[in-house]
>>> print(open('model-v1.csv').read())   # CSV, C-alpha atoms and all ligand atoms
chain,number,residue,atom,x,y,z
U,36,MET,CA,0.0,0.0,0.0
U,37,ASP,CA,1.4,3.4,-0.9
U,38,SER,CA,1.8,6.0,1.9
U,39,LEU,CA,-1.1,8.2,0.6
U,40,THR,CA,-3.5,5.3,0.7
U,41,ARG,CA,-2.2,4.4,4.1
U,42,TYR,CA,-2.7,7.9,5.3
U,43,ALA,CA,-6.3,7.9,4.1
U,44,GLU,CA,-7.0,4.6,5.8
U,45,VAL,CA,-5.6,5.8,9.1
U,46,LYS,CA,-7.7,9.0,9.0
U,47,LEU,CA,-10.9,7.1,8.1
U,48,THR,CA,-10.4,4.7,11.0
U,49,ALA,CA,-9.9,7.6,13.4
U,50,LEU,CA,-13.1,9.2,12.1
U,51,ASP,CA,-15.0,5.9,12.5
U,52,ALA,CA,-13.9,5.7,16.1
U,53,ARG,CA,-15.5,9.1,16.9
U,54,THR,CA,-18.7,8.4,14.8
U,55,LEU,CA,-17.6,11.3,12.6
U,56,ARG,CA,-17.1,9.5,9.3
U,57,ARG,CA,-19.5,10.6,6.6
U,58,THR,CA,-20.6,8.5,3.7
U,59,LEU,CA,-22.7,9.3,0.7
U,60,VAL,CA,-26.2,7.8,0.4
U,61,GLU,CA,-27.6,7.6,-3.2
U,62,THR,CA,-30.9,9.5,-3.2
U,63,ILE,CA,-33.5,10.0,-5.9
U,64,ARG,CA,-35.8,13.0,-5.5
U,65,THR,CA,-38.8,12.8,-7.9
U,66,ASP,CA,-41.1,15.5,-6.7
U,67,GLY,CA,-39.3,17.9,-4.3
U,68,LEU,CA,-40.7,16.3,-1.2
U,69,TRP,CA,-40.2,12.5,-1.3
U,70,LEU,CA,-36.9,10.7,-1.4
U,71,GLU,CA,-36.0,7.2,-2.5
U,72,ARG,CA,-32.9,6.0,-0.6
U,73,GLY,CA,-31.7,2.6,0.7
U,74,GLY,CA,-34.7,0.9,-0.8
U,75,LYS,CA,-37.1,3.1,1.2
U,76,ARG,CA,-39.5,5.9,0.3
U,77,LEU,CA,-39.1,8.7,2.8
U,78,LEU,CA,-40.7,12.1,3.3
U,79,SER,CA,-37.9,14.6,3.3
U,80,PHE,CA,-37.4,17.2,6.0
U,81,SER,CA,-33.8,17.7,5.0
U,82,CYS,CA,-33.9,19.4,1.6
U,83,ASN,CA,-33.2,23.1,1.2
U,84,ASP,CA,-35.6,23.2,-1.7
U,85,TYR,CA,-38.0,25.3,0.5
U,86,LEU,CA,-40.4,26.1,-2.2
U,87,ASN,CA,-40.1,22.7,-4.0
U,88,LEU,CA,-39.1,24.7,-7.1
U,89,SER,CA,-36.5,22.1,-8.2
U,90,HIS,CA,-39.5,20.1,-9.4
U,91,HIS,CA,-41.8,22.9,-10.5
U,92,PRO,CA,-43.0,22.2,-14.0
U,93,ALA,CA,-42.2,25.6,-15.4
U,94,VAL,CA,-38.8,25.6,-13.8
U,95,LYS,CA,-37.9,22.2,-15.1
U,96,GLN,CA,-39.2,23.1,-18.5
U,97,ALA,CA,-37.1,26.3,-18.6
U,98,ALA,CA,-34.0,24.2,-17.9
U,99,ALA,CA,-34.9,21.6,-20.5
U,100,ASP,CA,-35.6,24.2,-23.2
U,101,ALA,CA,-32.4,26.1,-22.5
U,102,ALA,CA,-30.3,22.9,-22.5
U,103,LEU,CA,-31.8,21.8,-25.8
U,104,ALA,CA,-31.3,25.2,-27.4
U,105,TYR,CA,-27.9,26.2,-26.0
U,106,GLY,CA,-26.3,23.0,-24.8
U,107,ALA,CA,-25.4,21.3,-21.6
U,108,GLY,CA,-22.5,23.6,-20.6
U,109,ALA,CA,-21.2,27.2,-21.0
U,110,GLY,CA,-18.0,26.1,-22.9
U,111,ALA,CA,-15.6,28.5,-21.1
U,112,SER,CA,-15.4,31.1,-18.4
U,113,ARG,CA,-17.6,34.1,-18.8
U,114,LEU,CA,-14.8,36.4,-19.9
U,115,ILE,CA,-14.0,34.0,-22.8
U,116,THR,CA,-17.2,32.7,-24.4
U,117,GLY,CA,-19.3,31.6,-21.5
U,118,ASP,CA,-21.3,34.8,-21.0
U,119,HIS,CA,-24.7,33.7,-22.3
U,120,PRO,CA,-27.4,36.4,-22.4
U,121,LEU,CA,-29.5,34.4,-20.0
U,122,LEU,CA,-26.9,35.2,-17.3
U,123,GLU,CA,-27.3,38.9,-17.7
U,124,THR,CA,-31.1,38.5,-17.7
U,125,LEU,CA,-30.8,36.6,-14.4
U,126,GLU,CA,-28.5,39.2,-13.0
U,127,ARG,CA,-31.0,42.0,-13.7
U,128,ARG,CA,-33.7,40.0,-12.0
U,129,LEU,CA,-31.6,39.3,-8.9
U,130,ALA,CA,-30.6,43.0,-8.7
U,131,ALA,CA,-34.2,44.0,-8.9
U,132,LEU,CA,-35.2,41.4,-6.2
U,133,LYS,CA,-32.6,42.7,-3.8
U,134,GLY,CA,-32.9,46.4,-4.7
U,135,THR,CA,-29.3,46.8,-5.9
U,136,GLU,CA,-27.8,48.4,-9.0
U,137,ALA,CA,-26.3,45.2,-10.3
U,138,ALA,CA,-25.5,41.5,-9.7
U,139,CYS,CA,-23.0,38.9,-10.7
U,140,VAL,CA,-23.8,35.1,-10.8
U,141,PHE,CA,-21.2,32.5,-9.9
U,142,GLY,CA,-20.9,28.7,-10.4
U,143,SER,CA,-22.2,28.1,-6.8
U,144,GLY,CA,-22.6,29.8,-3.5
U,145,TYR,CA,-19.4,28.4,-2.3
U,146,LEU,CA,-17.6,29.8,-5.3
U,147,ALA,CA,-19.3,33.2,-4.7
U,148,ASN,CA,-17.9,33.6,-1.2
U,149,THR,CA,-14.5,32.3,-2.0
U,150,GLY,CA,-14.3,34.7,-4.9
U,151,ILE,CA,-15.9,37.8,-3.3
U,152,ILE,CA,-13.9,38.1,0.0
U,153,PRO,CA,-10.4,37.9,-1.6
U,154,THR,CA,-11.5,40.5,-4.2
U,155,PHE,CA,-12.1,43.1,-1.5
U,156,ALA,CA,-9.6,42.0,1.3
U,157,GLY,CA,-5.9,41.3,1.2
U,158,PRO,CA,-3.0,40.8,3.6
U,159,ASP,CA,-3.2,44.3,5.1
U,160,ASP,CA,-7.0,44.0,5.8
U,161,LEU,CA,-9.3,42.7,8.4
U,162,VAL,CA,-12.2,40.2,8.0
U,163,ILE,CA,-14.4,39.6,11.1
U,164,VAL,CA,-16.8,36.7,10.8
U,165,ASP,CA,-19.7,35.5,12.9
U,166,GLU,CA,-18.4,32.3,14.5
U,167,LEU,CA,-21.4,30.2,13.1
U,168,ALA,CA,-21.1,31.6,9.6
U,169,HIS,CA,-21.0,29.1,6.7
U,170,ALA,CA,-17.8,27.2,5.9
U,171,CYS,CA,-17.4,29.0,2.5
U,172,ILE,CA,-17.2,32.4,4.2
U,173,TRP,CA,-14.4,31.1,6.4
U,174,ALA,CA,-12.7,29.6,3.3
U,175,GLY,CA,-13.0,33.0,1.4
U,176,ALA,CA,-11.7,34.8,4.5
U,177,LYS,CA,-8.6,32.5,4.7
U,178,LEU,CA,-8.0,32.7,1.0
U,179,SER,CA,-7.9,36.5,1.2
U,180,GLY,CA,-4.8,36.4,3.4
U,181,ALA,CA,-6.3,39.1,5.6
U,182,ARG,CA,-6.3,39.0,9.4
U,183,VAL,CA,-9.4,36.9,10.2
U,184,LEU,CA,-11.2,37.1,13.6
U,185,PRO,CA,-14.4,35.4,14.8
U,186,PHE,CA,-17.0,37.3,16.7
U,187,ARG,CA,-19.4,35.6,19.0
U,188,HIS,CA,-22.6,34.5,17.3
U,189,ASN,CA,-24.9,37.5,16.7
U,190,ASP,CA,-23.1,39.4,19.5
U,191,VAL,CA,-22.9,43.0,18.2
U,192,ASP,CA,-21.1,44.2,21.3
U,193,HIS,CA,-18.3,41.7,20.7
U,194,LEU,CA,-18.1,42.8,17.1
U,195,ALA,CA,-17.9,46.4,18.1
U,196,ALA,CA,-15.1,45.6,20.6
U,197,LEU,CA,-13.1,43.8,18.0
U,198,LEU,CA,-13.4,46.6,15.6
U,199,GLY,CA,-12.5,49.1,18.3
U,200,GLU,CA,-9.3,47.1,19.0
U,201,HIS,CA,-8.2,46.1,15.5
U,202,ARG,CA,-9.9,48.3,12.9
U,203,ALA,CA,-7.3,51.1,13.0
U,204,ALA,CA,-4.4,48.9,12.2
U,205,ALA,CA,-6.1,47.5,9.1
U,206,GLY,CA,-6.6,48.9,5.6
U,207,HIS,CA,-10.1,47.7,4.8
U,208,ALA,CA,-12.4,45.8,7.1
U,209,ILE,CA,-15.2,43.3,6.0
U,210,VAL,CA,-17.8,42.0,8.5
U,211,ALA,CA,-19.2,38.7,7.2
U,212,THR,CA,-22.3,36.8,8.4
U,213,ASP,CA,-25.0,34.5,7.3
U,214,GLY,CA,-28.3,36.3,7.0
U,215,VAL,CA,-30.1,33.2,8.1
U,216,PHE,CA,-27.8,30.7,9.9
U,217,SER,CA,-27.7,27.4,8.0
U,218,MET,CA,-27.6,25.1,11.0
U,219,ASP,CA,-29.6,27.1,13.6
U,220,GLY,CA,-32.2,28.9,11.5
U,221,ASP,CA,-31.8,32.1,13.4
U,222,ILE,CA,-31.4,35.5,11.7
U,223,ALA,CA,-28.5,38.0,12.0
U,224,PRO,CA,-29.3,41.4,13.4
U,225,LEU,CA,-28.5,43.1,10.1
U,226,ASP,CA,-29.7,46.5,11.3
U,227,ARG,CA,-27.3,46.7,14.2
U,228,LEU,CA,-24.4,45.1,12.3
U,229,SER,CA,-25.0,47.7,9.6
U,230,ASP,CA,-24.8,50.5,12.2
U,231,ILE,CA,-21.5,49.1,13.7
U,232,CYS,CA,-20.0,48.8,10.2
U,233,ALA,CA,-21.0,52.4,9.4
U,234,ALA,CA,-19.4,53.6,12.6
U,235,ASN,CA,-16.1,51.8,11.8
U,236,ASP,CA,-15.9,52.1,8.1
U,237,ALA,CA,-16.4,48.4,7.6
U,238,TRP,CA,-18.1,46.7,4.7
U,239,LEU,CA,-20.9,44.3,5.5
U,240,LEU,CA,-21.3,41.0,3.7
U,241,SER,CA,-24.5,39.0,4.3
U,242,ASP,CA,-24.9,35.4,2.9
U,243,ASP,CA,-28.6,34.9,2.4
U,244,ALA,CA,-28.5,31.4,1.1
U,245,HIS,CA,-31.5,30.4,3.4
U,246,GLY,CA,-33.3,33.7,3.3
U,247,VAL,CA,-33.9,34.4,-0.4
U,248,GLY,CA,-37.3,33.1,-1.6
U,249,VAL,CA,-38.6,32.5,1.9
U,250,LEU,CA,-38.2,35.7,4.0
U,251,GLY,CA,-39.5,39.2,3.2
U,252,GLU,CA,-41.9,38.1,0.5
U,253,GLY,CA,-39.1,36.3,-1.2
U,254,LYS,CA,-36.7,39.2,-1.1
U,255,GLY,CA,-34.7,37.6,1.7
U,256,SER,CA,-33.6,38.5,5.2
U,257,ALA,CA,-32.3,42.0,4.2
U,258,ALA,CA,-35.9,43.0,3.5
U,259,LEU,CA,-36.7,42.5,7.3
U,260,PHE,CA,-34.2,45.3,8.0
U,261,PRO,CA,-35.1,48.1,5.5
U,262,GLY,CA,-32.7,50.6,7.0
U,263,ALA,CA,-29.6,48.3,7.0
U,264,HIS,CA,-26.8,49.0,4.5
U,265,ILE,CA,-25.5,45.7,3.3
U,266,HIS,CA,-22.6,46.4,0.9
U,267,LEU,CA,-22.3,42.8,-0.4
U,268,GLN,CA,-25.6,40.8,-0.6
U,269,MET,CA,-24.6,37.2,-1.5
U,270,GLY,CA,-26.8,34.2,-1.9
U,271,THR,CA,-27.3,30.9,-3.7
U,272,LEU,CA,-29.6,29.7,-6.5
U,273,SER,CA,-29.4,26.2,-5.0
U,274,LYS,CA,-31.9,26.4,-2.2
U,275,ALA,CA,-35.3,28.1,-2.4
U,276,ILE,CA,-34.5,29.0,-6.0
U,277,GLY,CA,-34.3,25.2,-6.7
U,278,GLY,CA,-31.4,25.0,-9.1
U,279,TYR,CA,-27.7,25.6,-8.9
U,280,GLY,CA,-25.4,28.6,-8.8
U,281,GLY,CA,-24.5,31.6,-6.6
U,282,TYR,CA,-24.8,35.4,-6.8
U,283,LEU,CA,-23.7,38.7,-5.4
U,284,CYS,CA,-25.9,41.8,-5.5
U,285,ALA,CA,-24.2,45.2,-5.0
U,286,THR,CA,-23.5,48.6,-6.7
U,287,GLN,CA,-22.5,48.6,-10.3
U,288,PRO,CA,-18.8,49.4,-9.7
U,289,VAL,CA,-18.5,46.7,-7.1
U,290,ILE,CA,-20.0,44.2,-9.5
U,291,ASP,CA,-17.9,45.4,-12.4
U,292,PHE,CA,-14.8,45.0,-10.2
U,293,VAL,CA,-15.9,41.4,-9.2
U,294,LYS,CA,-16.4,40.5,-12.9
U,295,THR,CA,-12.8,41.5,-13.7
U,296,ARG,CA,-11.1,40.4,-10.5
U,297,ALA,CA,-12.9,37.6,-8.7
U,298,ARG,CA,-10.8,34.5,-9.4
U,299,THR,CA,-13.8,32.2,-9.2
U,300,VAL,CA,-15.4,34.2,-12.0
U,301,VAL,CA,-12.3,34.7,-14.1
U,302,TYR,CA,-10.8,31.2,-13.8
U,303,SER,CA,-14.0,29.1,-13.6
U,304,THR,CA,-16.5,28.1,-16.3
U,305,GLY,CA,-19.6,30.1,-16.6
U,306,LEU,CA,-22.9,28.9,-15.1
U,307,PRO,CA,-24.6,26.6,-17.7
U,308,PRO,CA,-27.4,28.5,-19.6
U,309,ALA,CA,-29.9,25.9,-18.3
U,310,SER,CA,-29.2,26.8,-14.7
U,311,ALA,CA,-29.7,30.5,-15.5
U,312,ALA,CA,-33.0,29.7,-17.3
U,313,SER,CA,-34.4,27.6,-14.4
U,314,ALA,CA,-33.4,30.3,-11.9
U,315,ILE,CA,-35.2,33.0,-14.0
U,316,ALA,CA,-38.3,30.8,-14.1
U,317,ALA,CA,-38.1,30.2,-10.3
U,318,LEU,CA,-37.9,34.0,-9.7
U,319,ASP,CA,-41.0,34.4,-11.8
U,320,VAL,CA,-42.8,31.9,-9.5
U,321,ILE,CA,-41.5,33.7,-6.4
U,322,ALA,CA,-42.6,37.2,-7.7
U,323,ALA,CA,-46.1,35.9,-8.5
U,324,ASP,CA,-46.8,34.0,-5.3
U,325,PRO,CA,-46.0,35.7,-2.0
U,326,ALA,CA,-48.2,33.1,-0.2
U,327,LEU,CA,-45.9,30.4,-1.4
U,328,CYS,CA,-42.8,32.3,-0.1
U,329,ALA,CA,-44.4,32.6,3.3
U,330,ALA,CA,-45.4,29.0,3.6
U,331,PRO,CA,-42.1,27.3,4.7
U,332,VAL,CA,-41.7,29.6,7.8
U,333,ALA,CA,-45.4,29.1,8.7
U,334,LYS,CA,-44.9,25.3,8.5
U,335,ALA,CA,-41.8,25.6,10.7
U,336,ARG,CA,-43.8,27.6,13.2
U,337,LEU,CA,-46.5,24.9,13.3
U,338,PHE,CA,-43.7,22.4,14.2
U,339,THR,CA,-42.1,24.6,16.9
U,340,ARG,CA,-45.5,25.1,18.5
U,341,LEU,CA,-46.2,21.4,18.6
U,342,THR,CA,-42.7,20.7,20.0
U,343,ASP,CA,-42.5,23.6,22.5
U,344,LEU,CA,-39.4,24.9,20.8
U,345,PRO,CA,-38.7,28.6,20.4
U,346,PRO,CA,-40.7,30.0,17.5
U,347,ALA,CA,-39.0,29.3,14.1
U,348,GLN,CA,-37.6,32.4,12.4
U,349,SER,CA,-36.9,30.7,9.2
U,350,PRO,CA,-37.6,27.3,7.5
U,351,ILE,CA,-34.8,25.7,9.5
U,352,VAL,CA,-35.4,24.2,13.0
U,353,PRO,CA,-32.5,22.6,14.9
U,354,VAL,CA,-33.3,20.0,17.6
U,355,LEU,CA,-30.1,19.9,19.6
U,356,LEU,CA,-29.2,16.5,20.9
U,357,GLY,CA,-25.6,16.8,22.0
U,358,SER,CA,-23.5,13.8,21.0
U,359,ALA,CA,-23.0,12.5,17.4
U,360,GLU,CA,-24.3,9.1,18.5
U,361,THR,CA,-27.5,10.5,19.9
U,362,ALA,CA,-28.2,12.5,16.8
U,363,LEU,CA,-27.5,9.5,14.5
U,364,ALA,CA,-29.8,7.3,16.6
U,365,ALA,CA,-32.6,9.9,16.5
U,366,SER,CA,-32.2,10.2,12.7
U,367,ALA,CA,-32.4,6.4,12.4
U,368,ALA,CA,-35.5,6.3,14.6
U,369,LEU,CA,-37.3,8.9,12.4
U,370,GLU,CA,-36.3,7.1,9.3
U,371,ASP,CA,-38.0,4.0,10.6
U,372,GLN,CA,-41.2,6.1,10.8
U,373,GLY,CA,-40.8,7.2,7.2
U,374,PHE,CA,-39.0,10.6,7.7
U,375,ALA,CA,-35.7,11.7,6.2
U,376,VAL,CA,-34.2,14.0,8.9
U,377,VAL,CA,-30.4,14.1,8.6
U,378,ALA,CA,-28.2,14.3,11.7
U,379,ILE,CA,-25.7,17.1,11.6
U,380,ARG,CA,-22.4,16.4,13.4
U,381,PRO,CA,-19.1,18.2,14.0
U,382,PRO,CA,-17.2,19.8,12.3
U,383,THR,CA,-20.3,21.2,10.5
U,384,VAL,CA,-21.6,22.2,14.0
U,385,PRO,CA,-19.6,22.8,17.2
U,386,VAL,CA,-18.6,19.8,19.3
U,387,GLY,CA,-21.4,18.8,21.7
U,388,THR,CA,-24.1,20.4,19.6
U,389,ALA,CA,-24.9,17.5,17.2
U,390,ARG,CA,-28.5,17.9,16.2
U,391,LEU,CA,-31.3,17.1,13.9
U,392,ARG,CA,-31.7,19.9,11.4
U,393,ILE,CA,-35.3,20.0,10.2
U,394,ALA,CA,-36.0,21.9,7.1
U,395,PHE,CA,-39.6,22.8,6.1
U,396,SER,CA,-40.9,23.4,2.6
U,397,ALA,CA,-44.1,24.9,1.2
U,398,GLY,CA,-45.3,21.5,0.1
U,399,HIS,CA,-45.3,19.8,3.5
U,400,ASP,CA,-48.8,18.7,4.6
U,401,ASP,CA,-49.8,19.9,8.1
U,402,ARG,CA,-50.7,16.3,9.0
U,403,ASP,CA,-47.2,15.1,8.2
U,404,ILE,CA,-45.8,17.9,10.3
U,405,GLU,CA,-48.0,16.8,13.2
U,406,ARG,CA,-46.8,13.2,12.8
U,407,LEU,CA,-43.1,14.4,12.7
U,408,ALA,CA,-43.7,16.6,15.8
U,409,ALA,CA,-45.1,13.6,17.7
U,410,ALA,CA,-42.2,11.5,16.7
U,411,VAL,CA,-39.7,14.2,17.8
U,412,ASN,CA,-41.5,14.7,21.1
U,413,ARG,CA,-41.1,10.9,21.7
U,414,LEU,CA,-37.3,11.3,21.1
U,415,LYS,CA,-36.8,14.0,23.7
U,416,PRO,CA,-35.2,12.8,27.0
U,417,ALA,CA,-37.9,12.5,29.7
U,501,LIG,C1,-25.5,26.2,1.1
U,501,LIG,C2,-24.8,27.4,1.6
U,501,LIG,C3,-23.8,28.0,0.8
U,501,LIG,C4,-23.2,27.3,-0.4
U,501,LIG,O1,-24.1,27.5,-1.5
U,501,LIG,P1,-24.0,26.4,-2.7
U,501,LIG,O2,-24.7,27.1,-3.9
U,501,LIG,O3,-24.6,25.2,-2.3
U,501,LIG,O4,-22.5,26.2,-3.0
U,501,LIG,C5,-23.3,29.2,1.2
U,501,LIG,N1,-23.7,29.8,2.3
U,501,LIG,C6,-24.6,29.2,3.1
U,501,LIG,C7,-25.1,30.0,4.4
U,501,LIG,C8,-25.2,28.0,2.8
U,501,LIG,O5,-26.1,27.5,3.6
>>> encode(input="model-v1.csv", output="structure tokens", more="lines below")
Ligand SMILES: *Cc1c(COP(=O)(O)O)cnc(C)c1O
Amino acid sequence: MDSLTRYAEVKLTALDARTLRRTLVETIRTDGLWLERGGKRLLSFSCNDYLNLSHHPAVKQAAADAALAYGAGAGASRLITGDHPLLETLERRLAALKGTEAACVFGSGYLANTGIIPTFAGPDDLVIVDELAHACIWAGAKLSGARVLPFRHNDVDHLAALLGEHRAAAGHAIVATDGVFSMDGDIAPLDRLSDICAANDAWLLSDDAHGVGVLGEGKGSAALFPGAHIHLQMGTLSKAIGGYGGYLCATQPVIDFVKTRARTVVYSTGLPPASAASAIAALDVIAADPALCAAPVAKARLFTRLTDLPPAQSPIVPVLLGSAETALAASAALEDQGFAVVAIRPPTVPVGTARLRIAFSAGHDDRDIERLAAAVNRLKPA
């Protein structure tokens, strides 16, 4: 066995010993709600497809039509030959949704954050990140070469103290947070973060992967804080929008600079035209149907009422269980009752906070939510 293979084996054995090894499970989704996996048919409470748009007939048709007309791929990066007109149509739609001058789409949300942050921060700069922000914000912050500091989750006083101590020594400062936190479902205090950024000449980046389409009549978490100035409004097309891709909404000069400098735009192939077409069709559905957009949070609130949990702020409800073993056992027990509710373990969440992460979608039937709530209540320690 060569030393690389040996290295991988030793690492896998160590992960197994701590119940932290992850394995892929082949899954077929045929309608945006139900899964087929491991020979079972399960009702999913683990998809981020909050509006079930991945399977909306008009959204699928738009992707199919664009693939047939323009091909399966973009052929090159956007600066070469990959800049299909559908991408610019999509960018205009995203900018209008977010109320910004312009937008730039990326290959994914992960590529967006790893491209945006190094475009605006370098070794002389400061990036301060909410400790629970998504992994790709941390990856982008590290790639930038800037000084990176965590602030305590949603703790604006801690952020202000860090800026007070470190802002003066830095060139630029970026404050980065999730708008809706992906594993906790709570919302960042964007108004107060914006005030602190203004007072310290810092630029605010909000990652609204889980807010767009479901909060603020589909406009996202920023719409809940109309006075907040969010310089960099980032998000993904891969969750409520039902497809694949990422985006940044900002002023025209910021977007123009991203399009000439962000390495994940310049050196990565453009989004396939079919992905742009499906996202545009999804945005049409979102614009036409505010009741659909409000449904996932209403479903989550029904569940938190039935389980005596704090009222849901988003479609994501965490049920904290502590150890990885307990979370896995709970997930297996729910699977036996026909529910797909994935256990989330470290390092995705801090040690000791393994959990079920329950995600609600507009298509969930209230009776199924009642059954899930009863099953979760039975799991709770007496
Ligand atoms: C899912 C997610 C991303 C990554 O988006 P993709 O399009 O899946 O790469 C970024 N940020 C947050 C908060 C997310 O939950």
>>> closest_residue(input="model-v1.csv", among="U:Leu337, U:Leu267, U:Ala323, U:Ala285", to="Arg127 of chain U", atoms="all atoms listed in the file")
U:Ala285
>>> closest_atom_pairs(input="model-v1.csv", of="segment 239-309 of chain U", to="segment 78-100 of chain U", cutoff="12 Å", atoms="only C-alpha atoms", output="CSV")
residue,atom,partner,partner_atom,distance
U:Ala244,CA,U:Asn83,CA,9.5
U:His245,CA,U:Asn83,CA,7.8
U:Gly246,CA,U:Tyr85,CA,10.0
U:Val247,CA,U:Tyr85,CA,10.0
U:Gly248,CA,U:Leu86,CA,7.7
U:Val249,CA,U:Tyr85,CA,7.4
U:Leu250,CA,U:Tyr85,CA,11.0
U:Gly253,CA,U:Leu86,CA,10.3
U:Thr271,CA,U:Asn83,CA,10.9
U:Leu272,CA,U:Asp84,CA,10.1
U:Ser273,CA,U:Asp84,CA,7.6
U:Lys274,CA,U:Asn83,CA,4.9
U:Ala275,CA,U:Tyr85,CA,4.9
U:Ile276,CA,U:Leu88,CA,6.4
U:Gly277,CA,U:Ser89,CA,4.1
U:Gly278,CA,U:Ser89,CA,5.9
U:Tyr279,CA,U:Ser89,CA,9.5
U:Pro307,CA,U:Ala98,CA,9.7
U:Pro308,CA,U:Ala98,CA,8.1
U:Ala309,CA,U:Ala98,CA,4.5
>>> residues_near_ligand(input="model-v1.csv", ligand="ligand LIG 501 (chain U)", cutoff="9 Å", atoms="all atoms listed in the file", output="VMD selection string")
chain U and resid 83 141 to 148 168 to 172 212 to 218 242 to 245 269 to 274 278 to 282
>>> atom_distance(input="model-v1.csv", atom1="atom CA of Val140 of chain U", atom2="atom CA of Arg296 of chain U")
13.8 Å
>>> closest_residue(input="model-v1.csv", among="U:Asn235, U:Ser303, U:Thr154, U:Thr124", to="Leu194 of chain U", atoms="only C-alpha atoms")
U:Asn235
>>> residues_near_point(input="model-v1.csv", point="(-31.3, 44.8, 8.4)", cutoff="12 Å", atoms="all atoms listed in the file", output="number ranges by chain")
U: 214-215, 222-231, 239-241, 243, 251, 255-266, 268
>>> residues_around(input="model-v1.csv", residues="Arg390 of chain U", least_positions_apart="6", cutoff="12 Å", atoms="only C-alpha atoms", output="MDAnalysis selection string")
chainID U and resid 218:219 352:366 376:381 383:384 411 415
>>> write_last_selection(input="model-v1.csv", atoms="C-alpha atoms", output="compact mmCIF listing (two decimals), keeping the file's coordinate frame")
# COMPACT_ATOMS: atom_id res chain seq x y z
CA MET U 218 -27.60 25.10 11.00
CA ASP U 219 -29.60 27.10 13.60
CA VAL U 352 -35.40 24.20 13.00
CA PRO U 353 -32.50 22.60 14.90
CA VAL U 354 -33.30 20.00 17.60
CA LEU U 355 -30.10 19.90 19.60
CA LEU U 356 -29.20 16.50 20.90
CA GLY U 357 -25.60 16.80 22.00
CA SER U 358 -23.50 13.80 21.00
CA ALA U 359 -23.00 12.50 17.40
CA GLU U 360 -24.30 9.10 18.50
CA THR U 361 -27.50 10.50 19.90
CA ALA U 362 -28.20 12.50 16.80
CA LEU U 363 -27.50 9.50 14.50
CA ALA U 364 -29.80 7.30 16.60
CA ALA U 365 -32.60 9.90 16.50
CA SER U 366 -32.20 10.20 12.70
CA VAL U 376 -34.20 14.00 8.90
CA VAL U 377 -30.40 14.10 8.60
CA ALA U 378 -28.20 14.30 11.70
CA ILE U 379 -25.70 17.10 11.60
CA ARG U 380 -22.40 16.40 13.40
CA PRO U 381 -19.10 18.20 14.00
CA THR U 383 -20.30 21.20 10.50
CA VAL U 384 -21.60 22.20 14.00
CA VAL U 411 -39.70 14.20 17.80
CA LYS U 415 -36.80 14.00 23.70
>>> atom_distance(input="model-v1.csv", atom1="atom CA of Val191 of chain U", atom2="atom CA of Leu344 of chain U")
24.6 Å
>>> closest_residue(input="model-v1.csv", among="U:Glu71, U:Asp192, U:Asp400, U:Asp51", to="Ala375 of chain U", atoms="only C-alpha atoms")
U:Glu71
>>> atom_distance(input="model-v1.csv", atom1="atom CA of Glu136 of chain U", atom2="atom CA of Pro325 of chain U")
23.3 Å
>>> closest_residue(input="model-v1.csv", among="U:Gly134, U:Pro153, U:Gly117, U:Pro331", to="Asp401 of chain U", atoms="only C-alpha atoms")
U:Pro331
>>> closest_residue(input="model-v1.csv", among="U:Gly150, U:Thr135, U:Arg392, U:Gly387", to="Thr286 of chain U", atoms="only C-alpha atoms")
U:Thr135
>>> closest_residue(input="model-v1.csv", among="U:Gln372, U:Ser396, U:Thr149, U:Asn412", to="Leu77 of chain U", atoms="all atoms listed in the file")
U:Gln372
>>> residues_around(input="model-v1.csv", residues="Glu405 of chain U", least_positions_apart="5", cutoff="12 Å", atoms="all atoms listed in the file", output="JSON, numbers by chain")
{"U": [334, 335, 336, 337, 338, 339, 340, 341, 342, 399, 400, 410, 411, 412]}
>>> residues_near_point(input="model-v1.csv", point="(-9.3, 45.7, 12.1)", cutoff="10 Å", atoms="all atoms listed in the file", output="list in words")
Asp159, Asp160, Leu161, Val162, Ile163, Ala181, Arg182, Val183, Leu184, Leu197, Leu198, Gly199, Glu200, His201, Arg202, Ala203, Ala204, Ala205, Gly206, His207, Ala208, Ile209, Val210, Asn235 and Ala237 of chain U
>>> decode(input="model-v1.csv", residues="segment 260-265 of chain U", atoms="N, CA and C atoms", output="PDB file, in the first residue's frame")
ATOM      1  N   PHE U 260     -34.937  44.219   7.390  1.00  0.00           N
ATOM      2  CA  PHE U 260     -34.193  45.320   8.009  1.00  0.00           C
ATOM      3  C   PHE U 260     -34.032  46.427   6.977  1.00  0.00           C
ATOM      4  N   PRO U 261     -35.132  47.139   6.666  1.00  0.00           N
ATOM      5  CA  PRO U 261     -35.090  48.063   5.525  1.00  0.00           C
ATOM      6  C   PRO U 261     -34.053  49.168   5.664  1.00  0.00           C
ATOM      7  N   GLY U 262     -33.657  49.516   6.884  1.00  0.00           N
ATOM      8  CA  GLY U 262     -32.668  50.586   7.044  1.00  0.00           C
ATOM      9  C   GLY U 262     -31.228  50.117   6.930  1.00  0.00           C
ATOM     10  N   ALA U 263     -31.013  48.818   6.907  1.00  0.00           N
ATOM     11  CA  ALA U 263     -29.632  48.313   6.958  1.00  0.00           C
ATOM     12  C   ALA U 263     -28.923  48.527   5.632  1.00  0.00           C
ATOM     13  N   HIS U 264     -27.654  48.900   5.706  1.00  0.00           N
ATOM     14  CA  HIS U 264     -26.830  49.027   4.496  1.00  0.00           C
ATOM     15  C   HIS U 264     -25.927  47.795   4.412  1.00  0.00           C
ATOM     16  N   ILE U 265     -26.256  46.913   3.485  1.00  0.00           N
ATOM     17  CA  ILE U 265     -25.467  45.693   3.297  1.00  0.00           C
ATOM     18  C   ILE U 265     -24.728  45.854   1.978  1.00  0.00           C
TER      19      ILE U 265
END
